[in-house]
$ cat query_15.csv   # CSV, C-alpha atoms and all ligand atoms
chain,number,residue,atom,x,y,z
A,1,MET,CA,-5.0,9.4,0.1
A,2,LEU,CA,-1.7,8.9,2.0
A,3,PRO,CA,-0.4,11.8,4.0
A,4,ASP,CA,3.0,12.5,2.5
A,5,THR,CA,4.8,14.2,5.3
A,6,SER,CA,8.1,13.6,7.0
A,7,THR,CA,6.5,14.1,10.4
A,8,HIS,CA,4.8,10.6,10.1
A,9,ARG,CA,6.8,7.6,11.2
A,10,VAL,CA,6.8,5.0,8.4
A,11,ALA,CA,7.0,1.3,9.2
A,12,LEU,CA,6.9,-1.8,7.1
A,13,VAL,CA,6.6,-5.5,8.0
A,14,THR,CA,7.4,-8.3,5.5
A,15,GLY,CA,5.4,-11.5,5.4
A,16,ALA,CA,2.7,-9.8,7.3
A,17,ASN,CA,-0.6,-11.3,6.0
A,18,GLN,CA,-0.7,-13.9,8.8
A,19,GLY,CA,1.1,-15.2,11.9
A,20,LEU,CA,3.5,-13.0,13.8
A,21,GLY,CA,3.8,-10.5,10.9
A,22,LEU,CA,0.1,-9.7,11.0
A,23,ALA,CA,0.4,-9.2,14.8
A,24,LEU,CA,3.4,-6.9,14.3
A,25,VAL,CA,1.4,-4.7,11.9
A,26,ARG,CA,-1.5,-4.6,14.4
A,27,GLY,CA,0.9,-3.8,17.3
A,28,LEU,CA,2.8,-1.1,15.3
A,29,ARG,CA,-0.5,0.5,14.1
A,30,ARG,CA,-1.7,0.7,17.7
A,31,THR,CA,1.6,2.0,19.1
A,32,LEU,CA,2.3,4.6,16.4
A,33,GLY,CA,-1.3,5.8,16.3
A,34,GLU,CA,-2.2,8.7,14.1
A,35,GLU,CA,1.5,9.5,13.6
A,36,GLY,CA,2.2,6.2,12.0
A,37,ILE,CA,1.9,4.8,8.5
A,38,VAL,CA,2.3,1.0,8.6
A,39,TYR,CA,2.8,-1.1,5.5
A,40,LEU,CA,1.6,-4.6,5.6
A,41,ALA,CA,3.8,-6.3,3.0
A,42,ALA,CA,2.7,-9.7,1.6
A,43,ARG,CA,3.7,-11.7,-1.4
A,44,ASN,CA,0.2,-12.5,-2.4
A,45,VAL,CA,-2.1,-9.6,-3.2
A,46,ASP,CA,-5.4,-11.3,-2.2
A,47,ARG,CA,-4.0,-12.6,1.1
A,48,GLY,CA,-2.5,-9.2,1.8
A,49,GLU,CA,-5.6,-7.3,1.1
A,50,GLU,CA,-7.6,-9.7,3.2
A,51,ALA,CA,-5.3,-9.2,6.1
A,52,CYS,CA,-5.6,-5.4,5.7
A,53,ALA,CA,-9.4,-5.7,5.6
A,54,LEU,CA,-9.3,-7.7,8.8
A,55,LEU,CA,-7.3,-5.0,10.5
A,56,ARG,CA,-9.6,-2.3,9.2
A,57,LYS,CA,-12.5,-4.1,10.8
A,58,GLU,CA,-10.6,-3.7,14.1
A,59,GLY,CA,-10.4,0.1,13.5
A,60,LEU,CA,-6.8,0.0,12.3
A,61,ALA,CA,-5.6,1.2,8.9
A,62,PRO,CA,-2.5,-0.4,7.4
A,63,GLU,CA,-1.3,0.2,3.9
A,64,PHE,CA,-0.9,-2.8,1.7
A,65,ILE,CA,2.3,-3.3,-0.3
A,66,GLN,CA,3.1,-6.3,-2.5
A,67,MET,CA,6.5,-7.8,-1.8
A,68,ASP,CA,7.9,-11.3,-2.5
A,69,VAL,CA,11.3,-11.5,-0.8
A,70,THR,CA,12.4,-14.2,-3.2
A,71,ASP,CA,12.1,-11.7,-6.1
A,72,ALA,CA,14.7,-8.9,-6.0
A,73,ALA,CA,12.6,-6.8,-8.4
A,74,SER,CA,9.6,-7.0,-6.2
A,75,VAL,CA,11.6,-6.0,-3.1
A,76,ARG,CA,13.2,-3.1,-5.1
A,77,ALA,CA,9.9,-2.0,-6.4
A,78,ALA,CA,8.4,-1.9,-2.8
A,79,ALA,CA,11.4,0.1,-1.6
A,80,GLU,CA,11.1,2.5,-4.5
A,81,MET,CA,7.5,3.1,-3.8
A,82,VAL,CA,8.3,3.9,-0.1
A,83,ARG,CA,11.1,6.2,-1.2
A,84,ALA,CA,8.9,8.0,-3.7
A,85,ARG,CA,6.1,8.5,-1.2
A,86,HIS,CA,8.0,9.2,2.0
A,87,ASP,CA,11.7,9.7,1.1
A,88,GLY,CA,12.7,7.3,3.8
A,89,ILE,CA,11.6,4.8,6.4
A,90,ASP,CA,11.7,4.6,10.2
A,91,ILE,CA,10.9,1.0,11.0
A,92,VAL,CA,11.6,-2.1,8.9
A,93,ILE,CA,10.8,-5.6,10.2
A,94,GLN,CA,12.0,-8.4,8.0
A,95,ASN,CA,9.7,-11.2,9.2
A,96,ALA,CA,8.9,-13.2,6.0
A,97,ALA,CA,9.8,-16.8,6.2
A,98,ALA,CA,9.1,-20.0,4.3
A,99,ARG,CA,7.7,-23.0,6.3
A,100,ILE,CA,9.2,-26.4,6.6
A,101,THR,CA,6.9,-29.4,6.3
A,102,LYS,CA,7.6,-32.8,7.8
A,103,GLU,CA,6.1,-34.6,4.9
A,104,VAL,CA,8.7,-33.5,2.4
A,105,PRO,CA,12.5,-34.4,2.7
A,106,GLN,CA,14.6,-31.5,3.9
A,107,SER,CA,16.8,-31.9,0.8
A,108,ASP,CA,13.7,-30.9,-1.3
A,109,GLN,CA,12.9,-27.9,0.8
A,110,VAL,CA,16.2,-26.5,1.7
A,111,ALA,CA,16.9,-24.4,-1.4
A,112,GLY,CA,13.5,-22.6,-1.3
A,113,PHE,CA,13.8,-22.1,2.5
A,114,VAL,CA,17.2,-20.5,2.3
A,115,ASP,CA,16.2,-18.4,-0.7
A,116,THR,CA,13.3,-17.0,1.3
A,117,ASN,CA,14.7,-16.7,4.8
A,118,ASN,CA,18.4,-15.9,4.1
A,119,HIS,CA,18.7,-14.5,0.5
A,120,GLY,CA,15.4,-12.8,1.1
A,121,THR,CA,16.7,-11.1,4.2
A,122,LEU,CA,19.7,-9.9,2.2
A,123,ARG,CA,17.4,-8.6,-0.6
A,124,VAL,CA,15.4,-6.6,2.0
A,125,LEU,CA,18.6,-5.2,3.6
A,126,GLN,CA,20.0,-4.2,0.2
A,127,SER,CA,16.8,-2.3,-0.8
A,128,PHE,CA,15.8,-0.8,2.6
A,129,VAL,CA,19.0,0.1,4.4
A,130,PRO,CA,19.6,3.0,2.0
A,131,LEU,CA,16.2,4.3,3.0
A,132,LEU,CA,16.7,4.3,6.7
A,133,ARG,CA,16.1,7.7,8.3
A,134,ASP,CA,17.9,9.0,11.3
A,135,ASN,CA,16.8,7.0,14.5
A,136,ALA,CA,15.4,4.2,12.3
A,137,ARG,CA,15.0,0.7,13.7
A,138,LEU,CA,15.7,-2.3,11.5
A,139,ILE,CA,14.8,-5.8,12.8
A,140,VAL,CA,15.2,-9.2,11.3
A,141,VAL,CA,13.0,-11.8,13.0
A,142,ALA,CA,15.2,-14.7,13.6
A,143,SER,CA,15.2,-17.0,16.6
A,144,SER,CA,17.3,-18.3,19.5
A,145,PHE,CA,18.5,-21.1,17.3
A,146,GLY,CA,20.6,-18.3,15.7
A,147,SER,CA,23.6,-18.7,17.9
A,148,LEU,CA,27.1,-20.2,17.2
A,149,ARG,CA,26.6,-22.5,20.2
A,150,ASN,CA,24.3,-24.4,17.9
A,151,LEU,CA,26.9,-24.9,15.2
A,152,ASP,CA,30.0,-27.1,15.0
A,153,ALA,CA,33.2,-25.1,15.6
A,154,ARG,CA,34.5,-26.0,12.2
A,155,LEU,CA,31.8,-23.9,10.7
A,156,HIS,CA,32.0,-20.8,12.9
A,157,ALA,CA,34.3,-18.8,10.6
A,158,ARG,CA,31.7,-18.9,7.9
A,159,PHE,CA,29.5,-16.7,10.1
A,160,ASP,CA,32.0,-14.8,12.2
A,161,ALA,CA,35.4,-13.9,10.9
A,162,PRO,CA,37.3,-10.8,9.9
A,163,GLY,CA,36.7,-9.8,6.3
A,164,LEU,CA,33.3,-11.6,6.1
A,165,THR,CA,30.7,-10.0,3.8
A,166,LEU,CA,27.0,-10.2,3.7
A,167,GLU,CA,27.3,-11.9,0.3
A,168,GLY,CA,29.9,-14.3,1.8
A,169,ILE,CA,27.3,-15.4,4.4
A,170,GLU,CA,24.8,-16.1,1.6
A,171,ARG,CA,27.5,-18.2,-0.2
A,172,SER,CA,27.9,-20.2,2.9
A,173,MET,CA,24.1,-20.7,3.0
A,174,ASP,CA,24.3,-22.0,-0.6
A,175,ASP,CA,27.2,-24.3,0.4
A,176,TYR,CA,24.9,-25.6,3.1
A,177,VAL,CA,22.1,-26.1,0.6
A,178,ALA,CA,24.4,-28.1,-1.6
A,179,ALA,CA,25.6,-30.2,1.3
A,180,VAL,CA,22.1,-31.1,2.4
A,181,ARG,CA,21.3,-32.1,-1.2
A,182,ASP,CA,24.4,-34.2,-1.7
A,183,GLY,CA,24.1,-35.8,1.7
A,184,SER,CA,27.3,-34.4,3.1
A,185,ALA,CA,25.8,-31.9,5.6
A,186,LYS,CA,26.0,-34.0,8.7
A,187,GLU,CA,29.6,-35.0,8.1
A,188,ALA,CA,30.6,-31.4,7.6
A,189,GLY,CA,29.1,-30.5,10.9
A,190,TRP,CA,25.8,-28.8,9.8
A,191,PRO,CA,22.9,-29.2,12.2
A,192,ASP,CA,20.1,-31.6,11.3
A,193,TRP,CA,17.2,-29.1,11.1
A,194,ILE,CA,17.4,-26.6,8.3
A,195,ASN,CA,15.9,-23.8,10.5
A,196,VAL,CA,19.1,-23.8,12.7
A,197,PRO,CA,21.8,-22.8,10.1
A,198,SER,CA,19.2,-20.5,8.5
A,199,LYS,CA,18.7,-18.6,11.7
A,200,ILE,CA,22.4,-18.5,12.4
A,201,GLY,CA,22.9,-17.0,8.9
A,202,GLN,CA,20.2,-14.3,9.6
A,203,VAL,CA,21.7,-13.3,13.0
A,204,ALA,CA,25.2,-13.3,11.5
A,205,SER,CA,24.0,-10.9,8.7
A,206,VAL,CA,22.5,-8.5,11.3
A,207,ARG,CA,25.7,-8.6,13.4
A,208,LEU,CA,27.8,-8.0,10.3
A,209,LEU,CA,25.7,-5.1,9.0
A,210,ALA,CA,25.7,-3.5,12.4
A,211,ARG,CA,29.5,-3.7,12.7
A,212,GLU,CA,30.1,-2.6,9.1
A,213,ARG,CA,27.9,0.5,9.4
A,214,GLU,CA,28.5,1.2,13.1
A,215,ALA,CA,30.0,4.6,12.8
A,216,ASP,CA,27.3,5.9,10.5
A,217,PHE,CA,24.4,4.2,12.3
A,218,ARG,CA,25.6,5.3,15.8
A,219,ARG,CA,26.0,8.9,14.6
A,220,ARG,CA,22.4,8.8,13.2
A,221,GLY,CA,20.9,6.9,16.1
A,222,ILE,CA,19.9,3.9,14.0
A,223,LEU,CA,19.5,0.6,15.8
A,224,VAL,CA,19.8,-2.7,13.9
A,225,ASN,CA,19.0,-6.0,15.7
A,226,ALA,CA,17.7,-9.5,15.2
A,227,ALA,CA,14.7,-10.6,17.3
A,228,CYS,CA,13.6,-13.9,18.7
A,229,PRO,CA,9.8,-13.8,19.4
A,230,GLY,CA,9.9,-17.0,21.5
A,231,LEU,CA,7.6,-19.9,20.7
A,232,VAL,CA,4.6,-18.4,19.0
A,233,ASP,CA,1.4,-20.3,18.2
A,234,THR,CA,1.2,-20.1,14.4
A,235,GLU,CA,0.5,-22.5,11.6
A,236,ALA,CA,4.3,-22.6,11.0
A,237,SER,CA,5.2,-23.7,14.5
A,238,ARG,CA,2.2,-25.9,15.4
A,239,PRO,CA,3.3,-29.1,13.5
A,240,TRP,CA,6.7,-29.1,15.2
A,241,PHE,CA,5.9,-29.0,18.9
A,242,ALA,CA,3.8,-31.5,20.7
A,243,ASP,CA,3.0,-29.1,23.5
A,244,MET,CA,2.0,-25.7,22.5
A,245,SER,CA,0.5,-24.8,25.9
A,246,LYS,CA,3.4,-22.5,26.7
A,247,ALA,CA,3.4,-20.8,23.2
A,248,ALA,CA,2.5,-17.1,23.1
A,249,THR,CA,-0.2,-15.9,20.8
A,250,PRO,CA,1.1,-13.8,17.9
A,251,ASP,CA,-0.2,-10.6,19.6
A,252,GLU,CA,1.5,-11.5,22.8
A,253,ALA,CA,4.8,-12.3,21.0
A,254,ALA,CA,4.6,-9.2,18.9
A,255,LYS,CA,4.8,-6.9,22.0
A,256,ASP,CA,8.5,-7.4,22.6
A,257,VAL,CA,9.3,-7.0,18.9
A,258,VAL,CA,7.2,-3.8,18.7
A,259,TRP,CA,9.0,-2.6,21.8
A,260,LEU,CA,12.4,-3.1,20.0
A,261,ALA,CA,11.0,-1.5,16.9
A,262,THR,CA,9.8,1.6,18.7
A,263,LEU,CA,12.7,2.3,21.2
A,264,PRO,CA,12.8,6.1,21.6
A,265,SER,CA,15.5,8.2,19.9
A,266,GLY,CA,18.6,8.4,22.0
A,267,THR,CA,18.5,4.7,22.8
A,268,ARG,CA,21.9,3.2,22.1
A,269,GLU,CA,21.4,-0.5,23.1
A,270,PRO,CA,20.6,-3.1,22.1
A,271,TYR,CA,22.6,-2.7,19.0
A,272,GLY,CA,23.7,-5.4,16.5
A,273,VAL,CA,22.6,-8.4,18.6
A,274,LEU,CA,19.8,-11.0,18.9
A,275,VAL,CA,17.1,-9.8,21.3
A,276,ARG,CA,14.7,-12.1,23.0
A,277,HIS,CA,12.1,-10.9,25.5
A,278,ARG,CA,13.9,-7.5,25.6
A,279,LYS,CA,17.3,-9.0,26.5
A,280,ALA,CA,20.4,-9.4,24.3
A,281,GLN,CA,21.2,-13.1,23.7
A,282,PRO,CA,24.7,-14.5,23.6
A,283,TRP,CA,26.2,-15.2,20.2
A,284,VAL,CA,28.9,-17.6,21.0
A,285,SER,CA,28.3,-19.4,24.4
B,301,LIG,N1,6.2,-19.3,15.2
B,301,LIG,C1,7.3,-19.4,16.1
B,301,LIG,O1,7.2,-20.1,17.1
B,301,LIG,C2,8.5,-18.7,15.8
B,301,LIG,C3,9.6,-18.9,16.7
B,301,LIG,C4,10.8,-18.2,16.4
B,301,LIG,C5,10.9,-17.4,15.3
B,301,LIG,N2,9.9,-17.3,14.4
B,301,LIG,C6,10.0,-16.5,13.2
B,301,LIG,O2,9.0,-15.5,13.1
B,301,LIG,C7,8.8,-15.2,11.8
B,301,LIG,C8,7.3,-15.4,11.4
B,301,LIG,O3,6.9,-16.7,11.7
B,301,LIG,P1,5.4,-17.3,11.7
B,301,LIG,O4,5.4,-18.4,12.7
B,301,LIG,O5,4.5,-16.1,11.8
B,301,LIG,O6,5.3,-17.9,10.3
B,301,LIG,P2,4.1,-18.0,9.2
B,301,LIG,O7,2.8,-18.1,10.0
B,301,LIG,O8,4.4,-19.1,8.3
B,301,LIG,O9,4.2,-16.6,8.4
B,301,LIG,C9,5.2,-16.4,7.6
B,301,LIG,C10,4.8,-15.2,6.7
B,301,LIG,O10,5.9,-15.1,5.7
B,301,LIG,C11,5.3,-15.0,4.4
B,301,LIG,N3,6.1,-15.5,3.3
B,301,LIG,C12,6.5,-16.7,3.0
B,301,LIG,N4,7.3,-16.7,1.9
B,301,LIG,C13,7.4,-15.4,1.5
B,301,LIG,C14,8.0,-14.7,0.4
B,301,LIG,N5,8.7,-15.3,-0.5
B,301,LIG,N6,7.9,-13.3,0.4
B,301,LIG,C15,7.2,-12.6,1.3
B,301,LIG,N7,6.5,-13.2,2.3
B,301,LIG,C16,6.6,-14.6,2.4
B,301,LIG,C17,4.0,-15.9,4.5
B,301,LIG,O11,3.1,-15.5,3.5
B,301,LIG,P3,2.1,-16.6,2.8
B,301,LIG,O12,0.9,-16.5,3.7
B,301,LIG,O13,1.8,-16.0,1.5
B,301,LIG,O14,2.7,-18.0,2.8
B,301,LIG,C18,3.5,-15.5,5.9
B,301,LIG,O15,2.8,-14.3,5.8
B,301,LIG,C19,9.7,-16.2,11.0
B,301,LIG,O16,10.9,-15.5,10.6
B,301,LIG,C20,9.9,-17.3,11.9
B,301,LIG,O17,11.1,-18.0,11.7
B,301,LIG,C21,8.7,-17.9,14.6

$ encode --input "query_15.csv" --output "C-alpha cells" --more "lines below"
Ligand SMILES: NC(=O)c1ccc[n+]([C@@H]2O[C@H](COP(=O)([O-])OP(=O)(O)OC[C@H]3O[C@@H](n4cnc5c(N)ncnc54)[C@H](OP(=O)(O)O)[C@@H]3O)[C@@H](O)[C@H]2O)c1
Amino acid sequence: MLPDTSTHRVALVTGANQGLGLALVRGLRRTLGEEGIVYLAARNVDRGEEACALLRKEGLAPEFIQMDVTDAASVRAAAEMVRARHDGIDIVIQNAAARITKEVPQSDQVAGFVDTNNHGTLRVLQSFVPLLRDNARLIVVASSFGSLRNLDARLHARFDAPGLTLEGIERSMDDYVAAVRDGSAKEAGWPDWINVPSKIGQVASVRLLAREREADFRRRGILVNAACPGLVDTEASRPWFADMSKAATPDEAAKDVVWLATLPSGTREPYGVLVRHRKAQPWVS
C-alpha cells in the first residue's frame, strides 16, 4: 500500500529497467530513504518488474510504472497515475533512450531513435512539467555531444533562436530524419553520428523550457537541467568504444545525476544548462 502523503518526495526515472536508469533508481532510493517514493518506469512490464525485484533483493523498494516514451497515451497515463496518487512530483529524470546498432544503416534507425530520444523527451515534458511541485528537479539525461560546437553554424538557429518553440525543435529533428533518409544530411551540415544532433536537440529543449518558464520556475524554486553522465559502461555504449577501461559503472555515473536531482531547496544554480560531473558545460564554444 503506497503512502499517499505530500510529505514524501516523489521521484520517477524513465527507461529505468537497466543501465544508467536502473542505477539512478537505486541511487535515488538510497538518497531519499524512507521519505522517498521512487518510480522505476519501463516500457516493458516484465523487464520493469524484474528490475524492481532485483532492487528489492538489495533491500530497496521502488514502485513500478509502465511507460513507453514513444506512446503519448502511455506517458499521459503514467503522469495521471502519479497525479492521482500524489498530486505532484518532486524529481523527474527523463533517461529513456533507444540504442543505435552498427549492423543496421543509420537511415533505417534514425526515425525510431529520434522518436524515442527527442519526441519522447517532449512527451515526458508535456505530461510531467504540469505536475512539478515547488522545489522540483527535472533532468533530461543527454550527453556532452549536446553542444552547438558539434553542429555546423548553418544549423544553429534551429536549436537556439528567438521565437523557437519546443515543437519547432522537434520539427527540426524530423527534418534531420528526412535528410538522413534522403542522403542530404551531410551536405546540409548535419553530423555523421545520429546521437549528436539528437543530444543537441535534447539540450536545446531543456534550455528553451528553462528560459520560457524561468519566472515561474525561479519563484517556485524549480531547477530544470540536462545531464551528461560521462562514459558509462552499459550495453548501449560498449559496442561503440574500443577502450572502456575509463568508463564509469552505472552506479558510479549515477552519483552526479542523483546529486543534481536532489539539490536542496534554495539552490538556484545550475539552471537551464547541461551539467557534467557537477559542472555546467558550455552550449556554444
Ligand atoms: N552509456 C553511456 O556511456 C552514456 C553516455 C552519455 C549519455 N548517456 C545517456 O544515458 C541514458 C541511458 O543510457 P544507457 O547507456 O543506460 O542506455 P541503455 O542501457 O540502452 O538503457 C536505456 C533504457 O531506455 C529504455 N528505453 C528504450 N526505449 C524506450 C521507450 N520507447 N520507452 C521507455 N524506455 C525506453 C530501455 O528499455 P529496454 O530495456 O526495454 O530496451 C532501457 O531501459 C541515455 O539517455 C543515454 O543517451 C549514456

$ residues_near_ligand --input "query_15.csv" --ligand "ligand LIG 301 (chain B)" --cutoff "7 Å" --atoms "only C-alpha atoms and all ligand atoms" --output "ChimeraX atom specification"
/A:14-21,42-44,47,67-70,95-99,116,141-143,228-237

$ closest_residue --input "query_15.csv" --among "A:Glu50, A:Glu214, A:Glu35, A:Glu103" --to "Pro239 (chain A)" --atoms "all atoms listed in the file"
A:Glu103

$ residues_near_point --input "query_15.csv" --point "(11.7, 4.3, 11.6)" --cutoff "6 Å" --atoms "only C-alpha atoms" --output "PyMOL selection string"
chain A and resi 9-10+89-91+136-137

$ closest_residue --input "query_15.csv" --among "A:Ala77, A:Leu164, A:Val129, A:Glu34" --to "Gly59 (chain A)" --atoms "all atoms listed in the file"
A:Glu34

$ closest_residue --input "query_15.csv" --among "A:Val82, A:Ile65, A:Ala72, A:Ala227" --to "Ala253 (chain A)" --atoms "only C-alpha atoms"
A:Ala227

$ atom_distance --input "query_15.csv" --atom1 "CA of Ala111 (chain A)" --atom2 "CA of Ser198 (chain A)"
10.9 Å
